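As provided, work_18.csv (CSV, C-alpha atoms) reads as follows.
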```
chain,number,residue,atom,x,y,z
A,3,ARG,CA,0.0,0.0,0.0
A,4,ARG,CA,1.3,3.4,-1.0
A,5,ALA,CA,0.1,6.4,1.0
A,6,SER,CA,1.4,9.5,2.8
A,7,LEU,CA,2.0,9.0,6.5
A,8,PRO,CA,-1.3,9.5,8.3
A,9,LEU,CA,-1.5,11.8,11.3
A,10,ALA,CA,-4.9,11.9,12.8
A,11,ASP,CA,-5.1,8.2,13.7
A,12,SER,CA,-1.4,7.4,13.7
A,13,PRO,CA,-0.1,5.5,16.7
A,14,ALA,CA,3.1,7.7,16.3
A,15,LYS,CA,1.4,10.5,18.2
A,16,ASN,CA,0.8,8.2,21.1
A,17,LEU,CA,4.4,7.2,21.6
A,18,ARG,CA,5.4,7.7,25.2
A,19,THR,CA,8.2,10.2,25.3
A,20,GLU,CA,7.3,12.3,28.3
A,21,GLY,CA,10.3,12.9,30.6
A,22,LEU,CA,12.7,11.8,27.9
A,23,SER,CA,16.1,13.2,28.4
A,24,LEU,CA,17.6,13.5,24.9
A,25,GLU,CA,20.9,14.8,26.3
A,26,SER,CA,21.5,11.3,27.8
A,27,TYR,CA,22.1,9.9,24.2
A,28,ARG,CA,25.5,10.1,22.6
A,29,VAL,CA,24.3,10.9,19.1
A,30,HIS,CA,21.0,12.7,18.3
A,31,VAL,CA,19.8,12.2,14.7
A,32,PHE,CA,17.3,14.6,13.2
A,33,ILE,CA,15.6,13.2,10.1
A,34,HIS,CA,14.8,16.3,8.1
A,35,ILE,CA,11.7,15.8,6.0
A,36,PRO,CA,11.3,18.8,3.6
A,37,LYS,CA,8.5,21.3,4.3
A,38,THR,CA,7.8,20.3,7.8
A,39,ALA,CA,9.4,23.3,9.6
A,40,GLY,CA,12.6,21.3,9.7
A,41,THR,CA,14.9,24.2,8.8
A,42,SER,CA,13.6,26.2,11.7
A,43,PHE,CA,13.9,23.2,14.0
A,44,LYS,CA,17.4,22.4,12.8
A,45,ALA,CA,18.5,26.0,13.6
A,46,ALA,CA,17.2,25.7,17.1
A,47,LEU,CA,18.9,22.3,17.5
A,48,LYS,CA,22.2,23.8,16.4
A,49,LYS,CA,22.1,26.2,19.4
A,50,ARG,CA,21.2,23.4,21.8
A,51,PHE,CA,23.9,21.0,20.5
A,52,PRO,CA,26.9,23.1,19.4
A,53,ASN,CA,28.9,20.0,18.5
A,54,HIS,CA,26.9,19.1,15.4
A,55,PHE,CA,27.2,18.0,11.8
A,56,LEU,CA,24.7,19.1,9.2
A,57,TYR,CA,25.1,17.0,6.1
A,58,GLY,CA,24.7,18.9,2.9
A,59,ASP,CA,25.2,22.4,4.5
A,60,ILE,CA,28.8,22.5,3.2
A,61,ARG,CA,28.9,22.7,-0.6
A,62,PRO,CA,30.0,20.7,-2.4
A,63,ALA,CA,29.0,18.0,-0.1
A,64,LYS,CA,31.1,14.9,0.1
A,65,PRO,CA,29.4,11.5,-0.6
A,66,PHE,CA,27.7,10.5,2.6
A,67,ALA,CA,29.6,7.2,2.8
A,68,GLU,CA,32.8,9.2,3.2
A,69,GLU,CA,31.3,11.3,6.1
A,70,LYS,CA,29.6,8.5,8.0
A,71,PRO,CA,32.7,7.0,9.8
A,72,LYS,CA,33.3,10.3,11.7
A,73,LEU,CA,29.7,11.1,12.6
A,74,GLY,CA,29.7,9.2,15.9
A,75,LYS,CA,31.8,12.0,17.5
A,76,TYR,CA,29.0,14.6,17.2
A,77,ASP,CA,26.2,15.2,19.5
A,78,LEU,CA,23.8,16.0,16.7
A,79,VAL,CA,23.8,14.9,13.0
A,80,THR,CA,21.1,15.8,10.5
A,81,GLY,CA,20.3,16.2,6.8
A,82,HIS,CA,17.8,15.4,4.1
A,83,LEU,CA,18.5,11.7,4.4
A,84,THR,CA,16.8,8.6,5.7
A,85,VAL,CA,16.7,6.6,8.9
A,86,ALA,CA,18.6,3.8,7.1
A,87,ASP,CA,21.4,6.3,6.0
A,88,PHE,CA,22.0,7.2,9.7
A,89,ASP,CA,21.4,3.8,11.3
A,90,SER,CA,25.0,2.6,11.0
A,91,VAL,CA,26.4,5.7,12.6
A,92,GLU,CA,28.4,4.6,15.6
A,93,GLY,CA,27.1,5.3,19.1
A,94,GLU,CA,23.8,5.2,21.0
A,95,LYS,CA,21.4,7.1,18.8
A,96,GLN,CA,18.1,8.9,19.4
A,97,PHE,CA,16.1,9.6,16.2
A,98,LEU,CA,13.8,12.6,15.9
A,99,THR,CA,11.7,13.8,13.1
A,100,ILE,CA,8.8,16.2,12.3
A,101,VAL,CA,5.8,15.1,10.3
A,102,ARG,CA,3.0,17.3,8.8
A,103,ASN,CA,-0.5,16.9,7.6
A,104,PRO,CA,0.1,15.4,4.1
A,105,ILE,CA,-2.2,17.7,2.2
A,106,ASP,CA,-0.6,20.8,3.8
A,107,ARG,CA,2.8,19.5,3.1
A,108,LEU,CA,2.0,18.8,-0.6
A,109,LEU,CA,0.6,22.3,-1.0
A,110,SER,CA,3.7,23.8,0.6
A,111,LEU,CA,5.9,21.8,-1.7
A,112,PHE,CA,3.9,23.0,-4.7
A,113,HIS,CA,4.3,26.6,-3.8
A,114,TYR,CA,8.0,26.1,-3.1
A,115,ILE,CA,8.6,24.5,-6.5
A,116,ARG,CA,6.3,27.0,-8.3
A,117,GLN,CA,8.7,29.8,-7.2
A,118,ARG,CA,11.8,28.1,-8.5
A,119,LYS,CA,12.1,27.9,-12.3
A,120,HIS,CA,15.3,25.8,-12.0
A,121,HIS,CA,13.5,23.0,-10.2
A,122,SER,CA,13.1,19.8,-12.2
A,123,LEU,CA,9.3,19.8,-11.4
A,124,TYR,CA,8.7,23.4,-12.2
A,125,PRO,CA,7.1,22.8,-15.6
A,126,PHE,CA,4.5,20.5,-14.0
A,127,SER,CA,3.6,23.2,-11.4
A,128,LEU,CA,2.4,25.6,-14.2
A,129,CYS,CA,-0.8,23.7,-14.6
A,130,GLY,CA,-1.9,24.3,-11.0
A,131,PRO,CA,-1.8,22.1,-7.9
A,132,GLU,CA,-4.2,19.4,-8.9
A,133,MET,CA,-2.5,18.6,-12.2
A,134,PHE,CA,0.9,19.0,-10.5
A,135,PHE,CA,0.0,16.3,-7.9
A,136,ARG,CA,-1.4,14.0,-10.6
A,137,ALA,CA,1.8,14.4,-12.6
A,138,CYS,CA,4.0,13.6,-9.6
A,139,ARG,CA,1.9,10.6,-8.8
A,140,ASP,CA,2.1,9.3,-12.4
A,141,ILE,CA,5.9,9.8,-12.5
A,142,SER,CA,6.3,8.1,-9.0
A,143,ASP,CA,4.2,5.1,-10.1
A,144,HIS,CA,5.9,4.6,-13.5
A,145,GLY,CA,9.4,5.9,-12.8
A,146,TYR,CA,9.9,7.4,-16.2
A,147,LEU,CA,11.7,10.6,-17.2
A,148,GLN,CA,15.1,11.6,-15.8
A,149,ARG,CA,16.2,10.1,-12.5
A,150,ALA,CA,16.2,13.6,-10.8
A,151,VAL,CA,12.6,14.2,-11.9
A,152,ALA,CA,11.5,10.8,-10.6
A,153,VAL,CA,13.3,11.3,-7.2
A,154,ASN,CA,11.8,14.8,-6.7
A,155,ALA,CA,8.3,13.5,-7.7
A,156,ARG,CA,8.5,10.7,-5.1
A,157,GLU,CA,9.6,13.4,-2.5
A,158,VAL,CA,6.3,15.2,-3.3
A,159,THR,CA,4.0,12.2,-3.2
A,160,ASP,CA,5.7,9.9,-0.5
A,161,GLY,CA,8.5,11.9,1.1
A,162,MET,CA,7.6,11.3,4.7
A,163,CYS,CA,7.3,7.6,4.4
A,164,LEU,CA,10.5,7.3,2.3
A,165,ARG,CA,12.6,9.2,4.8
A,166,LEU,CA,11.4,7.1,7.6
A,167,SER,CA,11.4,3.6,6.1
A,168,GLY,CA,12.8,3.7,2.5
A,169,SER,CA,9.3,2.6,1.4
A,170,ARG,CA,6.2,4.3,0.1
A,171,SER,CA,4.1,2.4,2.6
A,172,SER,CA,2.7,4.2,5.6
A,173,GLU,CA,2.4,0.9,7.5
A,174,ARG,CA,6.2,0.3,7.0
A,175,ALA,CA,6.9,3.9,8.2
A,176,LEU,CA,4.9,3.3,11.4
A,177,GLU,CA,6.6,0.0,12.0
A,178,GLN,CA,10.0,1.8,11.7
A,179,ILE,CA,8.9,4.5,14.1
A,180,LYS,CA,8.1,1.9,16.7
A,181,LYS,CA,11.2,-0.3,16.0
A,182,MET,CA,13.7,2.6,16.1
A,183,GLY,CA,11.9,4.5,18.9
A,184,ILE,CA,11.8,7.6,16.7
A,185,VAL,CA,10.5,10.7,18.5
A,186,VAL,CA,7.8,12.1,16.2
A,187,LEU,CA,6.9,15.7,16.5
A,188,ARG,CA,4.0,17.4,14.6
A,189,GLN,CA,4.6,20.5,12.6
A,190,GLU,CA,1.1,21.8,13.5
A,191,SER,CA,1.9,21.7,17.2
A,192,LEU,CA,5.7,21.8,17.1
A,193,GLU,CA,6.4,24.2,20.0
A,194,ARG,CA,3.9,22.4,22.3
A,195,ASP,CA,5.3,19.0,21.3
A,196,VAL,CA,8.9,20.2,22.1
A,197,ARG,CA,7.8,21.3,25.5
A,198,GLU,CA,5.6,18.3,26.4
A,199,ARG,CA,7.3,15.4,24.6
A,200,LEU,CA,10.9,16.5,24.9
A,201,GLY,CA,10.7,18.5,28.1
A,202,TRP,CA,12.5,21.5,26.6
A,203,SER,CA,10.9,24.6,28.1
A,204,GLU,CA,13.3,26.9,26.4
A,205,PHE,CA,13.5,26.3,22.7
A,206,ASP,CA,13.2,29.2,20.3
A,207,LEU,CA,12.0,28.4,16.8
A,208,PRO,CA,12.9,31.0,14.2
A,209,GLU,CA,10.8,31.2,11.0
A,210,LEU,CA,13.1,30.1,8.2
A,211,ASN,CA,12.5,28.8,4.7
A,212,THR,CA,8.8,29.8,4.7
A,213,GLY,CA,7.3,29.9,1.2
A,214,SER,CA,4.6,32.1,-0.1
A,215,LYS,CA,1.2,30.6,-0.5
A,216,LYS,CA,-0.1,33.1,-3.0
```
Would you mind writing the file out in structure tokens?
Amino acid sequence: RRASLPLADSPAKNLRTEGLSLESYRVHVFIHIPKTAGTSFKAALKKRFPNHFLYGDIRPAKPFAEEKPKLGKYDLVTGHLTVADFDSVEGEKQFLTIVRNPIDRLLSLFHYIRQRKHHSLYPFSLCGPEMFFRACRDISDHGYLQRAVAVNAREVTDGMCLRLSGSRSSERALEQIKKMGIVVLRQESLERDVRERLGWSEFDLPELNTGSKK
């Protein structure tokens, strides 16, 4: 089954993380899913964990396989990668991620791409959001066109599930959340979740990478 990660009835929101002390873990891994307020959250994490490594922030980025052996020495590692990418990092790890209502995330991605003519999916955005989503789903299902186009289309249609489980299945993503003990925060209530689920009373979230919805 292929679907975007559900939120309303997802057992992920019921995971018991109250009183969790993330500072007790050696390596904190933030799985950054695009258009979920991850850029703002990452900026706040950088202040909390000065000894950090942000994959992809230094251009040109080295292949991740070359960076991986040294990541165990950091308190925080993050990037637009998957749980599987970070799983072999040495040290005791705590995974964190942010999810968002799938429809809101799709619309946010549409507006983001619509403003960037260089983006591989930009031509499909010119026909409006409905046709854009249909085109991305068709590309995702059939895997044609250039690889970069197909990868970006799958990010639009199934990005949350793919980042968490490497699969387009929402069931697989939920299984991975339970198996890995991933702390799941919701973009819609991020500041409250940070306080209640992580126990961080002081955590300033700047507004970064916010796109226009016009």
Can you list, as a PyMOL selection string, every protein, DNA or RNA residue that comes within 6 Å of stretch 78-91 of chain A when you count all atoms listed in the file, leaving out same-chain residues fewer than 6 positions away?
chain A and resi 29-32+34+54-57+165-166
Writing out the chosen residues with C-alpha atoms as a PDB file, in the coordinates of the input:
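File produced: selection.pdb:
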```pdb
ATOM      1  CA  VAL A  29      24.300  10.900  19.100  1.00  0.00           C
ATOM      2  CA  HIS A  30      21.000  12.700  18.300  1.00  0.00           C
ATOM      3  CA  VAL A  31      19.800  12.200  14.700  1.00  0.00           C
ATOM      4  CA  PHE A  32      17.300  14.600  13.200  1.00  0.00           C
ATOM      5  CA  HIS A  34      14.800  16.300   8.100  1.00  0.00           C
ATOM      6  CA  HIS A  54      26.900  19.100  15.400  1.00  0.00           C
ATOM      7  CA  PHE A  55      27.200  18.000  11.800  1.00  0.00           C
ATOM      8  CA  LEU A  56      24.700  19.100   9.200  1.00  0.00           C
ATOM      9  CA  TYR A  57      25.100  17.000   6.100  1.00  0.00           C
ATOM     10  CA  ARG A 165      12.600   9.200   4.800  1.00  0.00           C
ATOM     11  CA  LEU A 166      11.400   7.100   7.600  1.00  0.00           C
TER      12      LEU A 166
END
```
Test item: residues at most 12 Å from A:Arg156, all atoms listed in the file, excluding those fewer than 3 positions along its chain, as a PyMOL selection string
chain A and resi 4-6+108+111+123+135-146+149-153+159-165+168-170
Kindly indicate which residue among A:His121, A:Lys70, A:Lys37, A:Lys95 lies nearest to A:Arg188, using all atoms listed in the file for the distances.
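Closest candidate: A:Lys37.
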Please compute the atom CA of A:Pro36-atom CA of A:Asn154 distance, one decimal, in Å.
11.1 Å
Would you please work out which residue, of A:Arg28, A:Leu109, A:Phe134, A:Ser172, is nearest to A:Leu73 when using all atoms listed in the file?
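Smallest distance to A:Leu73 is found for A:Arg28.
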Between atom CA of A:Ile115 and atom CA of A:Leu207, distance in Å (one decimal):
23.9 Å
Do you know which residues are at most 8 Å from A:Arg116 counting only C-alpha atoms, after dropping those on the same chain fewer than 3 positions away, and could you put them as a ChimeraX atom specification?
/A:112-113,119,124,127-128
Produce a file of the selected residues containing C-alpha atoms, as a PDB file, in the coordinates of the input.
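Okay, result32.pdb is ready:
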```pdb
ATOM      1  CA  PHE A 112       3.900  23.000  -4.700  1.00  0.00           C
ATOM      2  CA  HIS A 113       4.300  26.600  -3.800  1.00  0.00           C
ATOM      3  CA  LYS A 119      12.100  27.900 -12.300  1.00  0.00           C
ATOM      4  CA  TYR A 124       8.700  23.400 -12.200  1.00  0.00           C
ATOM      5  CA  SER A 127       3.600  23.200 -11.400  1.00  0.00           C
ATOM      6  CA  LEU A 128       2.400  25.600 -14.200  1.00  0.00           C
TER       7      LEU A 128
END
```
Rounded to one decimal place, report the atom CA of A:Lys181-atom CA of A:Pro52 distance in Å.
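According to the coordinates, atom CA of A:Lys181 and atom CA of A:Pro52 are separated by 28.4 Å.
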Excluding A:Leu187 and any residue of its chain fewer than 3 positions from it, enumerate the residues within 9 Å of it, using all atoms listed in the file, and give them as a PyMOL selection string.
chain A and resi 14-15+98-102+190-192+195-196+199
For the selection just defined, write its residues with C-alpha atoms to a file, as a short mmCIF file (atom, residue, chain, number, x, y, z; two decimals), keeping the file's coordinate frame.
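What follows is the written file selection-v1.cif:
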```cif
data_model
loop_
_atom_site.label_atom_id
_atom_site.label_comp_id
_atom_site.auth_asym_id
_atom_site.auth_seq_id
_atom_site.Cartn_x
_atom_site.Cartn_y
_atom_site.Cartn_z
CA ALA A 14 3.10 7.70 16.30
CA LYS A 15 1.40 10.50 18.20
CA LEU A 98 13.80 12.60 15.90
CA THR A 99 11.70 13.80 13.10
CA ILE A 100 8.80 16.20 12.30
CA VAL A 101 5.80 15.10 10.30
CA ARG A 102 3.00 17.30 8.80
CA GLU A 190 1.10 21.80 13.50
CA SER A 191 1.90 21.70 17.20
CA LEU A 192 5.70 21.80 17.10
CA ASP A 195 5.30 19.00 21.30
CA VAL A 196 8.90 20.20 22.10
CA ARG A 199 7.30 15.40 24.60
#
```
